[in-house]
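See below for work-v6.pdb, which holds PDB, C-alpha atoms.
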```pdb
ATOM      1  CA  MET A   1    -303.571-119.847  86.452
ATOM      2  CA  THR A   2    -300.101-119.315  84.970
ATOM      3  CA  ALA A   3    -299.579-121.045  81.625
ATOM      4  CA  GLN A   4    -296.917-123.712  81.531
ATOM      5  CA  PRO A   5    -293.810-122.611  79.613
ATOM      6  CA  SER A   6    -293.576-124.148  76.160
ATOM      7  CA  TRP A   7    -290.807-126.481  75.035
ATOM      8  CA  ILE A   8    -290.147-123.938  72.275
ATOM      9  CA  ASP A   9    -288.551-121.634  74.875
ATOM     10  CA  ALA A  10    -286.389-124.409  76.345
ATOM     11  CA  PRO A  11    -283.173-125.902  74.920
ATOM     12  CA  LEU A  12    -283.360-127.797  71.613
ATOM     13  CA  LEU A  13    -280.720-129.978  69.934
ATOM     14  CA  GLY A  14    -280.727-129.691  66.150
ATOM     15  CA  PHE A  15    -279.223-132.576  64.170
ATOM     16  CA  ASP A  16    -278.286-133.140  60.536
ATOM     17  CA  THR A  17    -276.014-135.374  58.484
ATOM     18  CA  GLU A  18    -274.546-135.140  55.002
ATOM     19  CA  THR A  19    -273.840-138.537  53.467
ATOM     20  CA  THR A  20    -272.485-140.480  50.521
ATOM     21  CA  GLY A  21    -276.050-141.188  49.350
ATOM     22  CA  THR A  22    -279.601-142.007  50.396
ATOM     23  CA  LYS A  23    -279.409-145.754  51.147
ATOM     24  CA  VAL A  24    -279.394-145.904  54.949
ATOM     25  CA  THR A  25    -278.176-149.508  55.020
ATOM     26  CA  SER A  26    -275.117-149.039  52.799
ATOM     27  CA  ASP A  27    -274.228-145.353  52.521
ATOM     28  CA  ARG A  28    -271.965-143.583  54.995
ATOM     29  CA  ILE A  29    -272.008-140.342  56.950
ATOM     30  CA  VAL A  30    -269.618-137.613  55.775
ATOM     31  CA  THR A  31    -270.531-134.739  58.105
ATOM     32  CA  VAL A  32    -272.620-134.293  61.234
ATOM     33  CA  ALA A  33    -273.804-131.086  62.840
ATOM     34  CA  LEU A  34    -275.332-130.729  66.291
ATOM     35  CA  VAL A  35    -276.664-127.286  67.195
ATOM     36  CA  HIS A  36    -277.637-126.646  70.815
ATOM     37  CA  SER A  37    -280.172-123.817  70.736
ATOM     38  CA  VAL A  38    -281.686-121.889  73.646
ATOM     39  CA  GLY A  39    -283.786-119.398  71.692
ATOM     40  CA  PRO A  40    -284.142-117.694  68.314
ATOM     41  CA  GLY A  41    -281.033-116.194  66.776
ATOM     42  CA  ARG A  42    -277.572-117.493  65.970
ATOM     43  CA  GLU A  43    -276.159-115.883  69.129
ATOM     44  CA  ASN A  44    -278.149-118.468  71.122
ATOM     45  CA  GLU A  45    -276.666-121.443  69.278
ATOM     46  CA  THR A  46    -273.662-123.609  70.094
ATOM     47  CA  VAL A  47    -272.511-125.542  67.035
ATOM     48  CA  ALA A  48    -270.501-128.765  66.939
ATOM     49  CA  THR A  49    -269.551-130.304  63.591
ATOM     50  CA  TRP A  50    -267.672-133.401  62.502
ATOM     51  CA  LEU A  51    -266.032-134.196  59.162
ATOM     52  CA  ILE A  52    -265.740-137.955  58.762
ATOM     53  CA  ASP A  53    -263.710-140.174  56.447
ATOM     54  CA  PRO A  54    -266.433-142.496  55.069
ATOM     55  CA  GLU A  55    -263.783-144.987  53.897
ATOM     56  CA  MET A  56    -265.487-145.205  50.514
ATOM     57  CA  GLU A  57    -265.735-143.036  47.435
ATOM     58  CA  ILE A  58    -268.171-140.146  47.743
ATOM     59  CA  PRO A  59    -270.232-140.323  44.537
ATOM     60  CA  GLU A  60    -270.321-137.251  42.319
ATOM     61  CA  PRO A  61    -274.037-136.529  42.935
ATOM     62  CA  ALA A  62    -273.446-136.448  46.701
ATOM     63  CA  GLN A  63    -270.371-134.233  46.250
ATOM     64  CA  ARG A  64    -272.508-131.786  44.279
ATOM     65  CA  VAL A  65    -274.995-131.588  47.158
ATOM     66  CA  HIS A  66    -272.608-130.990  50.054
ATOM     67  CA  GLY A  67    -269.392-129.982  48.307
ATOM     68  CA  ILE A  68    -267.108-132.481  50.060
ATOM     69  CA  SER A  69    -264.777-134.562  47.905
ATOM     70  CA  THR A  70    -263.453-138.013  48.678
ATOM     71  CA  ALA A  71    -259.908-136.618  48.846
ATOM     72  CA  HIS A  72    -260.884-133.873  51.302
ATOM     73  CA  ALA A  73    -262.750-136.300  53.564
ATOM     74  CA  ARG A  74    -259.832-138.754  53.529
ATOM     75  CA  GLU A  75    -257.262-136.085  54.326
ATOM     76  CA  HIS A  76    -259.172-134.119  56.946
ATOM     77  CA  GLY A  77    -261.928-136.420  58.214
ATOM     78  CA  MET A  78    -262.025-138.204  61.570
ATOM     79  CA  PRO A  79    -262.302-141.987  61.796
ATOM     80  CA  ALA A  80    -266.010-142.794  61.709
ATOM     81  CA  ALA A  81    -266.042-144.777  64.966
ATOM     82  CA  GLU A  82    -264.435-141.958  66.942
ATOM     83  CA  ALA A  83    -266.647-139.251  65.482
ATOM     84  CA  LEU A  84    -269.948-141.096  65.685
ATOM     85  CA  ASP A  85    -269.294-142.269  69.244
ATOM     86  CA  GLU A  86    -268.921-138.591  70.189
ATOM     87  CA  VAL A  87    -272.095-137.666  68.287
ATOM     88  CA  ALA A  88    -274.102-140.485  69.848
ATOM     89  CA  ALA A  89    -272.924-139.544  73.342
ATOM     90  CA  MET A  90    -274.025-135.925  72.867
ATOM     91  CA  ILE A  91    -277.427-136.928  71.466
ATOM     92  CA  THR A  92    -278.177-139.404  74.240
ATOM     93  CA  ASP A  93    -277.021-136.930  76.896
ATOM     94  CA  ALA A  94    -279.492-134.346  75.567
ATOM     95  CA  LEU A  95    -282.383-136.804  75.224
ATOM     96  CA  GLY A  96    -281.662-138.045  78.746
ATOM     97  CA  LYS A  97    -282.315-134.483  79.938
ATOM     98  CA  ASP A  98    -285.563-134.323  77.898
ATOM     99  CA  ILE A  99    -283.975-131.920  75.422
ATOM    100  CA  PRO A 100    -285.687-132.826  72.130
ATOM    101  CA  LEU A 101    -283.741-133.836  69.051
ATOM    102  CA  VAL A 102    -284.814-131.665  66.093
ATOM    103  CA  ALA A 103    -284.156-132.908  62.553
ATOM    104  CA  PHE A 104    -285.748-132.242  59.170
ATOM    105  CA  ASN A 105    -286.821-135.552  57.616
ATOM    106  CA  GLY A 106    -285.083-136.909  60.690
ATOM    107  CA  GLY A 107    -286.048-140.528  60.126
ATOM    108  CA  PHE A 108    -283.314-140.664  57.472
ATOM    109  CA  ASP A 109    -280.631-139.223  59.753
ATOM    110  CA  LEU A 110    -281.593-141.525  62.626
ATOM    111  CA  ALA A 111    -281.689-144.602  60.400
ATOM    112  CA  ILE A 112    -278.272-143.952  58.879
ATOM    113  CA  ILE A 113    -276.581-143.173  62.200
ATOM    114  CA  GLU A 114    -278.095-146.278  63.844
ATOM    115  CA  ASN A 115    -276.872-148.393  60.916
ATOM    116  CA  GLU A 116    -273.439-146.782  61.074
ATOM    117  CA  LEU A 117    -273.131-147.362  64.825
ATOM    118  CA  THR A 118    -274.132-150.997  64.347
ATOM    119  CA  ARG A 119    -271.646-151.422  61.481
ATOM    120  CA  LEU A 120    -268.877-149.984  63.651
ATOM    121  CA  GLY A 121    -269.680-152.229  66.616
ATOM    122  CA  LEU A 122    -270.819-149.300  68.765
ATOM    123  CA  PRO A 123    -274.002-149.102  70.877
ATOM    124  CA  THR A 124    -276.904-147.576  68.965
ATOM    125  CA  LEU A 125    -278.752-144.511  70.211
ATOM    126  CA  ALA A 126    -281.691-146.691  71.254
ATOM    127  CA  ALA A 127    -279.368-149.054  73.140
ATOM    128  CA  ARG A 128    -277.666-146.160  74.936
ATOM    129  CA  LEU A 129    -281.029-144.674  75.907
ATOM    130  CA  GLY A 130    -282.623-147.969  76.858
ATOM    131  CA  HIS A 131    -285.815-146.906  75.042
ATOM    132  CA  ASP A 132    -287.060-145.542  71.733
ATOM    133  CA  ILE A 133    -285.389-142.378  70.438
ATOM    134  CA  ALA A 134    -287.576-139.655  71.952
ATOM    135  CA  PRO A 135    -288.503-136.885  72.277
ATOM    136  CA  MET A 136    -287.926-135.939  68.660
ATOM    137  CA  LEU A 137    -289.317-133.065  66.602
ATOM    138  CA  ASP A 138    -289.368-133.155  62.800
ATOM    139  CA  PRO A 139    -290.633-129.942  61.154
ATOM    140  CA  LEU A 140    -291.427-131.865  57.961
ATOM    141  CA  VAL A 141    -293.718-134.303  59.787
ATOM    142  CA  ILE A 142    -295.287-131.520  61.876
ATOM    143  CA  ASP A 143    -295.917-129.347  58.808
ATOM    144  CA  ARG A 144    -297.607-132.255  57.025
ATOM    145  CA  GLY A 145    -299.735-132.814  60.109
ATOM    146  CA  VAL A 146    -300.907-129.278  60.826
ATOM    147  CA  ASP A 147    -301.278-128.144  57.187
ATOM    148  CA  ARG A 148    -302.093-131.437  55.527
ATOM    149  CA  TYR A 149    -303.879-130.199  52.413
ATOM    150  CA  ARG A 150    -301.464-127.463  51.362
ATOM    151  CA  LYS A 151    -300.311-127.934  47.771
ATOM    152  CA  GLY A 152    -296.687-127.930  46.700
ATOM    153  CA  LYS A 153    -293.390-129.431  47.742
ATOM    154  CA  ARG A 154    -292.126-129.507  51.327
ATOM    155  CA  THR A 155    -288.360-129.519  51.060
ATOM    156  CA  LEU A 156    -286.461-127.503  53.656
ATOM    157  CA  THR A 157    -286.035-124.752  51.047
ATOM    158  CA  ASP A 158    -289.792-124.766  50.406
ATOM    159  CA  LEU A 159    -290.643-124.536  54.109
ATOM    160  CA  ILE A 160    -288.135-121.714  54.614
ATOM    161  CA  ALA A 161    -289.972-119.779  51.891
ATOM    162  CA  HIS A 162    -293.473-120.745  53.028
ATOM    163  CA  TYR A 163    -292.917-119.664  56.634
ATOM    164  CA  GLY A 164    -290.972-116.524  55.715
ATOM    165  CA  VAL A 165    -287.781-117.610  57.428
ATOM    166  CA  THR A 166    -284.737-115.434  56.744
ATOM    167  CA  GLN A 167    -281.936-117.616  55.430
ATOM    168  CA  ASP A 168    -278.345-116.562  56.042
ATOM    169  CA  GLY A 169    -276.126-119.331  54.746
ATOM    170  CA  ARG A 170    -275.586-122.057  52.168
ATOM    171  CA  LEU A 171    -278.027-124.931  52.552
ATOM    172  CA  HIS A 172    -276.628-128.482  52.475
ATOM    173  CA  THR A 173    -273.914-127.398  54.833
ATOM    174  CA  ALA A 174    -274.988-129.468  57.830
ATOM    175  CA  ASP A 175    -274.850-126.691  60.452
ATOM    176  CA  VAL A 176    -276.687-124.206  58.180
ATOM    177  CA  ASP A 177    -279.391-126.791  57.509
ATOM    178  CA  VAL A 178    -279.799-127.343  61.256
ATOM    179  CA  SER A 179    -280.117-123.641  62.039
ATOM    180  CA  ALA A 180    -282.697-123.273  59.250
ATOM    181  CA  THR A 181    -284.584-126.315  60.555
ATOM    182  CA  LEU A 182    -284.766-124.790  64.044
ATOM    183  CA  ASP A 183    -286.036-121.527  62.534
ATOM    184  CA  VAL A 184    -288.745-123.385  60.581
ATOM    185  CA  LEU A 185    -289.815-125.294  63.708
ATOM    186  CA  ARG A 186    -290.230-122.035  65.637
ATOM    187  CA  ALA A 187    -292.152-120.503  62.729
ATOM    188  CA  ILE A 188    -294.549-123.479  62.639
ATOM    189  CA  ALA A 189    -295.124-123.180  66.404
ATOM    190  CA  ALA A 190    -295.817-119.449  66.003
ATOM    191  CA  LYS A 191    -298.366-120.036  63.217
ATOM    192  CA  PHE A 192    -300.009-123.072  64.833
ATOM    193  CA  PRO A 193    -300.152-122.403  68.613
ATOM    194  CA  GLN A 194    -301.337-125.941  69.360
ATOM    195  CA  VAL A 195    -297.850-127.169  68.395
ATOM    196  CA  GLY A 196    -296.095-125.095  71.038
ATOM    197  CA  GLU A 197    -298.839-125.785  73.586
ATOM    198  CA  SER A 198    -298.488-129.559  73.290
ATOM    199  CA  SER A 199    -296.124-131.374  75.624
ATOM    200  CA  LEU A 200    -293.098-133.034  74.059
ATOM    201  CA  ALA A 201    -294.571-136.469  74.754
ATOM    202  CA  GLU A 202    -297.890-135.495  73.146
ATOM    203  CA  LEU A 203    -296.186-133.955  70.126
ATOM    204  CA  HIS A 204    -293.959-136.986  69.638
ATOM    205  CA  GLN A 205    -297.028-139.262  69.562
ATOM    206  CA  GLN A 206    -298.868-136.875  67.232
ATOM    207  CA  GLN A 207    -295.965-137.083  64.800
ATOM    208  CA  VAL A 208    -296.163-140.893  64.861
ATOM    209  CA  SER A 209    -299.827-140.612  63.811
ATOM    210  CA  TRP A 210    -299.269-137.817  61.291
ATOM    211  CA  HIS A 211    -296.467-139.730  59.599
ATOM    212  CA  ARG A 212    -298.508-142.938  59.397
ATOM    213  CA  SER A 213    -301.438-141.082  57.822
ATOM    214  CA  TRP A 214    -299.183-139.362  55.282
ATOM    215  CA  ALA A 215    -297.279-142.578  54.478
ATOM    216  CA  GLU A 216    -300.465-144.583  53.922
ATOM    217  CA  ASN A 217    -301.737-141.926  51.516
ATOM    218  CA  PHE A 218    -298.398-141.695  49.718
ATOM    219  CA  ASN A 219    -298.129-145.474  49.369
ATOM    220  CA  SER A 220    -301.637-145.502  47.858
ATOM    221  CA  PHE A 221    -300.513-142.827  45.408
ATOM    222  CA  LEU A 222    -297.447-144.904  44.469
ATOM    223  CA  GLU A 223    -299.634-147.965  43.909
ATOM    224  CA  SER A 224    -301.965-145.948  41.682
ATOM    225  CA  LYS A 225    -298.934-145.066  39.538
ATOM    226  CA  GLY A 226    -297.840-148.703  39.295
ATOM    227  CA  LYS A 227    -294.895-148.126  41.639
ATOM    228  CA  THR A 228    -293.811-150.050  44.724
ATOM    229  CA  PRO A 229    -295.436-148.651  47.896
ATOM    230  CA  ASP A 230    -292.222-148.689  49.898
ATOM    231  CA  VAL A 231    -292.592-145.806  52.372
ATOM    232  CA  SER A 232    -292.322-146.990  55.979
ATOM    233  CA  LEU A 233    -295.422-146.394  58.096
ATOM    234  CA  THR A 234    -293.424-146.011  61.300
ATOM    235  CA  TRP A 235    -291.715-142.881  62.593
ATOM    236  CA  PRO A 236    -289.061-141.902  63.439
ATOM    237  CA  LEU A 237    -287.550-145.328  62.718
TER
END
```
Encoding of this model in structure tokens:
Amino acid sequence: MTAQPSWIDAPLLGFDTETTGTKVTSDRIVTVALVHSVGPGRENETVATWLIDPEMEIPEPAQRVHGISTAHAREHGMPAAEALDEVAAMITDALGKDIPLVAFNGGFDLAIIENELTRLGLPTLAARLGHDIAPMLDPLVIDRGVDRYRKGKRTLTDLIAHYGVTQDGRLHTADVDVSATLDVLRAIAAKFPQVGESSLAELHQQQVSWHRSWAENFNSFLESKGKTPDVSLTWPL
């Protein structure tokens, strides 16, 4: 019997945002990158990026991360409603064709774009789709699931090093982060064949379970340190 082709060999849509901060209910999106990928290598990627005027000051810590000043965003950025309507249309078009959305720690990016769309009076991704945002692949959640007991941090930089991914650009530039995220996802699937062998629907549901398990453990850890256990148990939103 011929094996079914894996989703890893089919088109993927990488997604990343750079923002004014980490509060999804009040911070704004400054840049978005969508990378349509049909196989390993930059020659198989089509990149679309948006620079957005967040209509608020970009705090210094955020500027240090992504290198975009308030003045630059105001002068060169698109109006948020115009840009994010374009982004949302491209994401929902891909998901409607069962092309998975790939994002590192993607729950943050989804939460902030859904809040931004709502703030701007535009239909959310979920409203455009008519169902939950799926299929989605998050290398951070998958890595925690398949290699749960590995010690150490799991930032994108850490996973690039752990999986031996060759990095060829400056991280925290949205399109470079997306390309690196796609590389890490492929490296995980190569190391753990069950990831690539799962269907997208199965893998999406596995991530829901993996995230809940991790979040419950992390909230217990926070409680043990006298901190508020405030990590959401649901994924991706």
Target residues per the PyMOL selection byres ((chain A and resi 138-154) around 7), formatted as a ChimeraX atom specification: /A:102-106,136-137,155-156,158-159,184-185,207,210-211
Cut-off 9 Å around (-298.4, -146.2, 50.3) with all atoms listed in the file: residues as a ChimeraX atom specification: /A:214-223,228-233
Please write the residues picked by the PyMOL selection byres ((chain A and resi 85) around 12) on this file as a PyMOL selection string. chain A and resi 32+50+52+78-84+86-92+113-114+116-118+120-125+128
Separating CA of Gln63 (chain A) from CA of Phe15 (chain A), to the nearest tenth of an Å, is a gap of 20.1 Å
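Between CA of Ala134 (chain A) and CA of Leu237 (chain A) the interatomic distance comes to 10.8 Å.
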Would you work out the distance separating CA of Thr70 (chain A) from CA of Lys23 (chain A), expressed in Å to one decimal? 17.9 Å
Looking at all atoms listed in the file, which of A:Ile68, A:Ala48, A:Ala94, A:Ile99 is the one that sits closest to Leu200 (chain A)?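 Going through A:Ile68, A:Ala48, A:Ala94, A:Ile99 one by one, the smallest distance to Leu200 (chain A) is for A:Ile99.
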Pick the closest to Ala62 (chain A) from A:Ala33, A:Arg74, A:Thr46, A:Arg28: which is it, counting all atoms listed in the file? A:Arg28
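Distances from A:Thr234, A:Gln206, A:Ser37, A:Ser224 to Leu182 (chain A) were compared using all atoms listed in the file, and the smallest one belongs to A:Ser37.
Using all atoms listed in the file for every distance, the candidate list A:Ser199, A:Gln205, A:Thr20, A:Ser69 yields A:Gln205 as the residue closest to Asp132 (chain A).
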Please write out, as AutoDock Vina command-line options, where the centre of an axis-aligned box around all listed atoms of region 96-107 of chain A lies and how long its edges are, in Å to one decimal, after adding 5 Å on each side.
```
--center_x -284.2 --center_y -136.1 --center_z 68.8 --size_x 15.2 --size_y 18.9 --size_z 32.3
```
Could you tell me which residues the PyMOL selection byres ((chain A and resi 40) around 10) returns for this structure, as number ranges by chain? A: 8-9, 37-39, 41-45, 179, 182-183, 186
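If you count only C-alpha atoms and ignore residues fewer than 3 places along the chain from region 191-197 of chain A, what sits within 8 Å of it is Ser6, Trp7, Ile8, Val146, Ala187, Ile188 and Leu203 of chain A.
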Between A:Tyr163, A:Gly107, A:Pro100, A:Glu202, which one has atoms that come closest to Pro135 (chain A), using all atoms listed in the file?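 Checking each candidate against Pro135 (chain A), we get A:Pro100 as the closest.
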Using all atoms listed in the file, the shortest atom-to-atom distance to Gly14 (chain A) among A:Thr181, A:Thr49, A:Ser209, A:Gln167 belongs to A:Thr181
